[in-house]
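Have a look at the structure below before the remarks.
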Amino acid sequence: MVKQTTKVIRNNKVKEILTKELVPGDVLLLETGDKIPADAKILEVIGLRADESALTGESQTVEKAIEGLVFAGTSIVHGKCKAIVFATGMQTKIGKIAELIQTEEEKTPLQIKIARLAKTIAIIAVLVCTLIFILGLLRGAPAAAMLIVALALAVAAVPEGLPLTLTVTLSRGMYTLAKHSAVIRRMLAVETLGSTTIICTDKTGTLTKNEMTVEKIFVNDCVIDVSGIGYVPRGEFSVKGQNIDTKSNKTTALMLKAGALCNNAFLEKKKGQWETIGDPTEAALIVLAAKAGEWKDDLEEKNQRLEELVFTSERKMMSCVYQTGKEKIVFAKGAPETILEKCAFIQKNGKTERLSKKEADQILKTNEQFAGNALRVLGFAYKEISSTLTPKNIEKDLTFLGLAAMIDPPRKEAKHAIETCKTAGIKTVMITGDNEHTAKAIANEIGLINDGDKRIVTGKELDEMNDEEFESIVEQTVIYARTRPEHKMRIVKTLQKKGEIVAMTGDGINDAPAVKKADIGIAMGIKGTDVTKESADMILTDDNFATIVEAVEGGRTIYENIRKFTTYLLSRNFTEVILIVVGISLLNFNFLPLLALQILFINACAEVLPALALGAEPAEKGIMQKPPRNPKERFLTKKNTTIILTMAVFMALMAFAVFVYANPTANIEKARTMVFATIIIMVIVNTFNFRSLEESIFKIGFFTNKWMFPAIATVAITTLIVMYIPFFQEIFEFVTLNMLEWLICILAAFATFIFLEVLKFFMNRKKRSAIEKGIMNSVCP
């Protein structure tokens with residue numbers, strides 16, 4: 001294991017010590033490429049910029065000055081400094097955030113509901129067993145015999161396959177979601193996804209590609225469109241739809257060259273993918289030049305950098321001096337208004353002339369038009385020099401070349417994903433550090449808001465609101481601009497207070513508390529920090545908003561499948577309870593329709609595989625056209641309970657009818673064998689019915705679940721083995737059935753199949769009428 005070391009000044013001597021030995025008062029010596037090991041205050045600085053994305057999630061580097069602070073976990077990307085340590089370990093900013101998220105895991109709604117269901121089943125089982133035991137004793141039955149009866153009832157009441165089926169279904173759901181770039185860290189969080197009502201998402205990298213792309217350039221009094229997206233250096237330059245050759249125009253070529261050379265980013269191809277190193281804005285300029293055939297590596301071979309005046313927030317520009325043959329050339333880029341202030345000349349079509357006020361005003365007007373469309377604009381200039389270089393004359397009397405307007409383009413799939421959210425009744429909220437104009441432009445492009453929508457709140461406005469004021473507008477707000485990570489926590493808490501189920505994305509360390517607090521915390525897999533990933537319920541390996549929507553659909557499907565197989569299993573278990581109670585009440589405790597071992601086989605073997613197949617049921621049509629599930633809704637709704645009780649009673653009566661037909665007083669083993677066979681066939685045929693609690697199996701199709709037929713085939717083969725191999729026949733007390741007896745069992749089982757189809761039809765008739773009425777209203781004004 002490599003030990004981390006740090007250069008420090010101790011006792012006026014420069015030393016290299018282990019990072020873990022740092023203490024407050026040590027003076028750090030930091031330079032480009034160093035990872036900052038502790039929180040420190042800057043004493044001396046030379047052109048320092050830090051990458052604080054690990055802490056804040058913002059990709060832009062931060063300029064640092066004397067008296068400024070640097071933080072543990074961040075890194076130096078430019079310059080160097082001396083800084084005195086004031087916090088180490090858990091006392092640093094990152095340490096305090098890590099401590100904040102180390103809270104006890106809260107139970108998910110599914111855990112609470114399943115625990116409540118298990119408790120209810122246990123109470124029912126105990127009550128029924130006690131009642132039957134007492135009733136038998138009062139009727140003079142031997143205590144030992146009634147104990148066996150009570151045991152049979154206990155076995156019948158408990159769905160032994162439920163825990164296994166639940167675990168396998170959730171695990172399979174996690175595996176499926178992981179294949180679609182959503183890694184679930186907590187198994188039971190899968191269910192919570194299905195009830196999500198609001199998704200709070202970052203803009204950069206989630207709704208957008210996080211790849212700055214130059215879309216337009218302004219040169220020679222002309223706006224040129226640039227095609228291509230992201231960092232792939234392929235694209236065309238065109239004016240009003242007609243492609244142009246940038247190399248044929250000296251000024252255009254010079255402007256692209258200026259963008260590539262006045263630049264500290266790099267573009268390289270790794271494993272077939274284009275990747276950039278450095279500031280995203282500078283990377284976009286390298287890609288722009290490469291689209292025109294001007295590669296930075298080739299340009300740097302012909303031009304030697306002599307000096308650089310770094311970009312600062314005060315200067316708002318950057319300049320580089322290059323030796324080109326015998327000439328020295330200054331290339332500059334920066335805020336258009338700043339560049340124009342430094343320019344005395346302008347070049348058009350290769351000819352240099354004085355920059356007039358009218359031309360400067362026209363350039364600024366073009367800049368405003370670009371900015372109004374949420375484009376980030378940079379200005380470019382140059383000059384040839386021969387005099388002695390000083391900071392003052394390097395950036396004096398420059399020649400203006402043009403403007404480049406760029407944007408972080410939205411992901412192609414984001415618009416469809418947001419539309420799906422709207423259809424599903426899920427509100428999408430954008431939270432970004434960008435200004436409101438950029439945020440609104442992106443939101444309009446992806447369909448998040450309409451042009452006339454005013455629901456935008458800035459971080460400053462949020463700070464000025466008290467809790468009551470914020471609560472009054474939080475549900476109408478779709479964009480939060482110029483926000484800080486700590487705003488996310490307030491947004492989450494307020495939405496939860498209003499009863500919303502909130503999914504929150506985050507990448508920086510500062511996002512971790514809000515991600516932890518959210519009902520579904522989502523960390524970015526590519527740009528997310530380890531602390532944020534540890535606090536999240538789900539990690540997006542592609543940092544894509546559309547993946548969140550896919551995960552919500554998966555969560556809804558899994559929850560519905562859990563309901564289906566739970567309804568199926570309970571209806572089956574209550575069938576056996578009712579059957580035994582009816583048998584004891586109408587006949588005698590000596591004429592149990594099923595023995596405890598036979599019941600155990602049905603519950604633990606025959607029912608489990610079909611239940612697992614139900615857990616793998618594909619998403620039903622229209623699952624993302626329904627509103628989010630009410631988190632307070634009972635796990636088993638009124639409809640589920642009705643199906644459970646109605647089917648249990650009907651199946652028990654049909655099984656008891658078969659038992660009576662078989663004349664148990666004459667041959668109790670044959671009667672029990674026929675009841676066993678009937679119930680197994682019910683298990684097989686009704687599994688298809690439970691694939692949807694709303695639609696007919698004839699509508700959804702028998703073959704749309706690839707796991708169903710292998711499951712029921714296995715049940716059928718296992719049952720025949722138990723019923724016909726002498727060794728098992730003796731253990732389970734079965735006898736061989738003839739063709740007529742099998743036919744009776746099959747008819748009784750299919751009667752329950754038809755009954756459930758009819759029951760579903762009448763239960764969902766009202767809902768279908770409402771849907772048809774809604775369709776007619778939308779068609780006929």
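Quick note on naming: the chains in the structure tokens go A, B, ... in the order shown, residues restart at 1 in each chain, and ligands are numbered from 1 in order of appearance.
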Would you kindly return, as a list in words, each protein, DNA or RNA residue with an atom no farther than 6 Å from any atom of segment 610-626 of chain A, considering only C-alpha atoms and excluding same-chain residues fewer than 4 positions away? Thr165, Thr169, Thr423, Ala424, Thr557, Asn561, Phe565, Asn705, Trp707, Met708 and Ala711 of chain A
Save out the residues we just selected, C-alpha atoms, as a PDB file, in the first residue's frame.
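Result went into again_36.pdb, see below:
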```pdb
ATOM      1  CA  THR A 165     -40.137 -15.095  -3.381  1.00  0.00           C
ATOM      2  CA  THR A 169     -37.910 -10.795  -6.866  1.00  0.00           C
ATOM      3  CA  THR A 423     -47.548  11.038 -18.026  1.00  0.00           C
ATOM      4  CA  ALA A 424     -46.694   9.034 -14.905  1.00  0.00           C
ATOM      5  CA  THR A 557     -43.217  -3.104 -11.917  1.00  0.00           C
ATOM      6  CA  ASN A 561     -45.374  -8.047  -8.996  1.00  0.00           C
ATOM      7  CA  PHE A 565     -47.610 -13.011  -5.857  1.00  0.00           C
ATOM      8  CA  ASN A 705     -43.792 -14.378 -19.367  1.00  0.00           C
ATOM      9  CA  TRP A 707     -40.595 -18.080 -16.802  1.00  0.00           C
ATOM     10  CA  MET A 708     -44.204 -19.220 -16.382  1.00  0.00           C
ATOM     11  CA  ALA A 711     -42.297 -23.065 -13.455  1.00  0.00           C
TER      12      ALA A 711
END
```
Please report as a tab-separated table every residue of segment 205-279 of chain A lying within 12 Å of segment 498-515 of chain A, along with the nearest atom pair and their distance in Å (one decimal), using only C-alpha atoms.
```
residue	atom	partner	partner_atom	distance
A:Gly205	CA	A:Asp507	CA	10.2
A:Thr206	CA	A:Thr505	CA	8.9
A:Leu207	CA	A:Thr505	CA	11.2
```
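In this model, the gap between atom CA of Ala606 of chain A and atom CA of Ile680 of chain A comes to 7.1 Å.
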Residues at most 6 Å from segment 335-348 of chain A, counting only C-alpha atoms, excluding those fewer than 6 positions away in the same chain, as an MDAnalysis selection string? chainID A and resid 220 316 354:355 378:379 396:401
Residue with smallest distance to Asp225 of chain A - pool A:Met212, A:Met406, A:Leu30, A:Glu294, counting only C-alpha atoms: A:Met406
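Nearest-residue note for Phe732 of chain A: choosing from A:Cys745, A:Leu306, A:Met763, A:Leu594, the minimum distance belongs to A:Leu594, counting only C-alpha atoms.
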Show which residues sit within 9 Å of Val149 of chain A, as a ChimeraX atom specification. Count only C-alpha atoms, and ignore same-chain residues fewer than 3 positions away. /A:129,132-133,144-146,152-154,580,589,592,595-596
Can you tell me which residues surround Glu395 of chain A at a distance of at most 10 Å, considering only C-alpha atoms, apart from same-chain residues fewer than 2 positions away, and format the answer as JSON, numbers by chain? {"A": [309, 317, 318, 319, 320, 330, 331, 332, 339, 341, 342, 343, 381, 382, 383, 390, 391, 392, 393, 397, 398]}
Pull the helix (DSSP H, G or I) assignments for segment 512-659 of chain A out of DSSP run on the backbone, and list those residues as a PyMOL selection string. chain A and resi 512-517+530-535+545-586+596-606+608-615+623-625+638-659
Those residues with C-alpha atoms, as a JSON list (two decimals), in the first residue's frame please?
```json
[["chain", "number", "residue", "atom", "x", "y", "z"],
["A", 512, "ALA", "CA", -24.34, 13.81, 0.47],
["A", 513, "PRO", "CA", -26.60, 14.97, 3.36],
["A", 514, "ALA", "CA", -29.47, 15.80, 0.96],
["A", 515, "VAL", "CA", -28.97, 12.54, -0.93],
["A", 516, "LYS", "CA", -29.07, 10.68, 2.39],
["A", 517, "LYS", "CA", -32.20, 12.54, 3.54],
["A", 530, "ASP", "CA", -17.27, 8.18, -2.80],
["A", 531, "VAL", "CA", -18.98, 9.90, 0.13],
["A", 532, "THR", "CA", -22.07, 10.66, -1.98],
["A", 533, "LYS", "CA", -22.17, 7.12, -3.36],
["A", 534, "GLU", "CA", -22.02, 5.71, 0.16],
["A", 535, "SER", "CA", -25.00, 7.81, 1.22],
["A", 545, "PHE", "CA", -31.68, 11.31, -16.14],
["A", 546, "ALA", "CA", -33.42, 8.82, -18.45],
["A", 547, "THR", "CA", -31.95, 6.01, -16.33],
["A", 548, "ILE", "CA", -33.78, 7.39, -13.28],
["A", 549, "VAL", "CA", -37.07, 7.20, -15.17],
["A", 550, "GLU", "CA", -36.30, 3.62, -16.25],
["A", 551, "ALA", "CA", -35.56, 2.78, -12.62],
["A", 552, "VAL", "CA", -38.90, 4.28, -11.51],
["A", 553, "GLU", "CA", -40.68, 2.11, -14.07],
["A", 554, "GLY", "CA", -38.73, -0.89, -12.80],
["A", 555, "GLY", "CA", -39.66, -0.01, -9.21],
["A", 556, "ARG", "CA", -43.35, 0.22, -10.10],
["A", 557, "THR", "CA", -43.22, -3.10, -11.92],
["A", 558, "ILE", "CA", -41.48, -4.85, -9.02],
["A", 559, "TYR", "CA", -43.97, -3.50, -6.48],
["A", 560, "GLU", "CA", -46.93, -4.60, -8.58],
["A", 561, "ASN", "CA", -45.37, -8.05, -9.00],
["A", 562, "ILE", "CA", -44.87, -8.30, -5.22],
["A", 563, "ARG", "CA", -48.56, -7.50, -4.79],
["A", 564, "LYS", "CA", -49.51, -10.11, -7.38],
["A", 565, "PHE", "CA", -47.61, -13.01, -5.86],
["A", 566, "THR", "CA", -48.58, -12.00, -2.31],
["A", 567, "THR", "CA", -52.26, -11.95, -3.31],
["A", 568, "TYR", "CA", -51.75, -15.27, -5.08],
["A", 569, "LEU", "CA", -49.99, -16.93, -2.12],
["A", 570, "LEU", "CA", -52.43, -15.67, 0.51],
["A", 571, "SER", "CA", -55.47, -16.72, -1.52],
["A", 572, "ARG", "CA", -53.91, -20.15, -1.77],
["A", 573, "ASN", "CA", -53.07, -20.37, 1.94],
["A", 574, "PHE", "CA", -56.48, -19.18, 3.08],
["A", 575, "THR", "CA", -57.99, -21.79, 0.76],
["A", 576, "GLU", "CA", -56.37, -24.51, 2.85],
["A", 577, "VAL", "CA", -57.39, -22.86, 6.15],
["A", 578, "ILE", "CA", -61.03, -22.55, 5.05],
["A", 579, "LEU", "CA", -60.98, -26.08, 3.62],
["A", 580, "ILE", "CA", -59.79, -27.57, 6.93],
["A", 581, "VAL", "CA", -62.20, -25.49, 9.02],
["A", 582, "VAL", "CA", -65.12, -26.50, 6.76],
["A", 583, "GLY", "CA", -64.01, -30.15, 6.88],
["A", 584, "ILE", "CA", -63.83, -30.23, 10.67],
["A", 585, "SER", "CA", -67.10, -28.28, 11.09],
["A", 586, "LEU", "CA", -69.22, -30.33, 8.64],
["A", 596, "ALA", "CA", -49.96, -31.27, 7.45],
["A", 597, "LEU", "CA", -47.23, -32.81, 5.24],
["A", 598, "GLN", "CA", -49.39, -32.48, 2.14],
["A", 599, "ILE", "CA", -50.12, -28.83, 2.96],
["A", 600, "LEU", "CA", -46.42, -28.21, 3.53],
["A", 601, "PHE", "CA", -45.60, -29.64, 0.07],
["A", 602, "ILE", "CA", -48.17, -27.35, -1.57],
["A", 603, "ASN", "CA", -47.00, -24.25, 0.30],
["A", 604, "ALA", "CA", -43.25, -24.79, 0.24],
["A", 605, "CYS", "CA", -42.79, -26.59, -3.11],
["A", 606, "ALA", "CA", -45.73, -26.33, -5.49],
["A", 608, "VAL", "CA", -43.03, -21.18, -4.82],
["A", 609, "LEU", "CA", -41.99, -21.59, -8.46],
["A", 610, "PRO", "CA", -45.19, -20.07, -9.91],
["A", 611, "ALA", "CA", -44.87, -17.22, -7.38],
["A", 612, "LEU", "CA", -41.28, -16.64, -8.53],
["A", 613, "ALA", "CA", -42.52, -16.54, -12.12],
["A", 614, "LEU", "CA", -45.10, -13.92, -11.09],
["A", 615, "GLY", "CA", -42.24, -11.94, -9.54],
["A", 623, "ILE", "CA", -47.72, 1.29, -15.93],
["A", 624, "MET", "CA", -46.08, 4.69, -16.51],
["A", 625, "GLN", "CA", -49.43, 6.26, -17.34],
["A", 638, "LYS", "CA", -59.46, -3.41, -0.98],
["A", 639, "LYS", "CA", -59.30, -5.05, -4.40],
["A", 640, "ASN", "CA", -56.47, -7.39, -3.34],
["A", 641, "THR", "CA", -58.28, -8.35, -0.15],
["A", 642, "THR", "CA", -61.52, -9.00, -2.06],
["A", 643, "ILE", "CA", -59.71, -11.29, -4.52],
["A", 644, "ILE", "CA", -57.91, -13.13, -1.68],
["A", 645, "LEU", "CA", -61.06, -13.83, 0.36],
["A", 646, "THR", "CA", -63.41, -14.50, -2.57],
["A", 647, "MET", "CA", -61.00, -16.85, -4.32],
["A", 648, "ALA", "CA", -60.05, -18.58, -1.07],
["A", 649, "VAL", "CA", -63.68, -19.31, -0.25],
["A", 650, "PHE", "CA", -64.55, -20.47, -3.79],
["A", 651, "MET", "CA", -61.45, -22.65, -4.17],
["A", 652, "ALA", "CA", -62.02, -24.15, -0.70],
["A", 653, "LEU", "CA", -65.63, -24.95, -1.56],
["A", 654, "MET", "CA", -64.64, -26.56, -4.88],
["A", 655, "ALA", "CA", -61.92, -28.61, -3.15],
["A", 656, "PHE", "CA", -64.37, -29.64, -0.41],
["A", 657, "ALA", "CA", -66.92, -30.65, -3.07],
["A", 658, "VAL", "CA", -64.27, -32.93, -4.60],
["A", 659, "PHE", "CA", -63.52, -34.30, -1.10]]
```
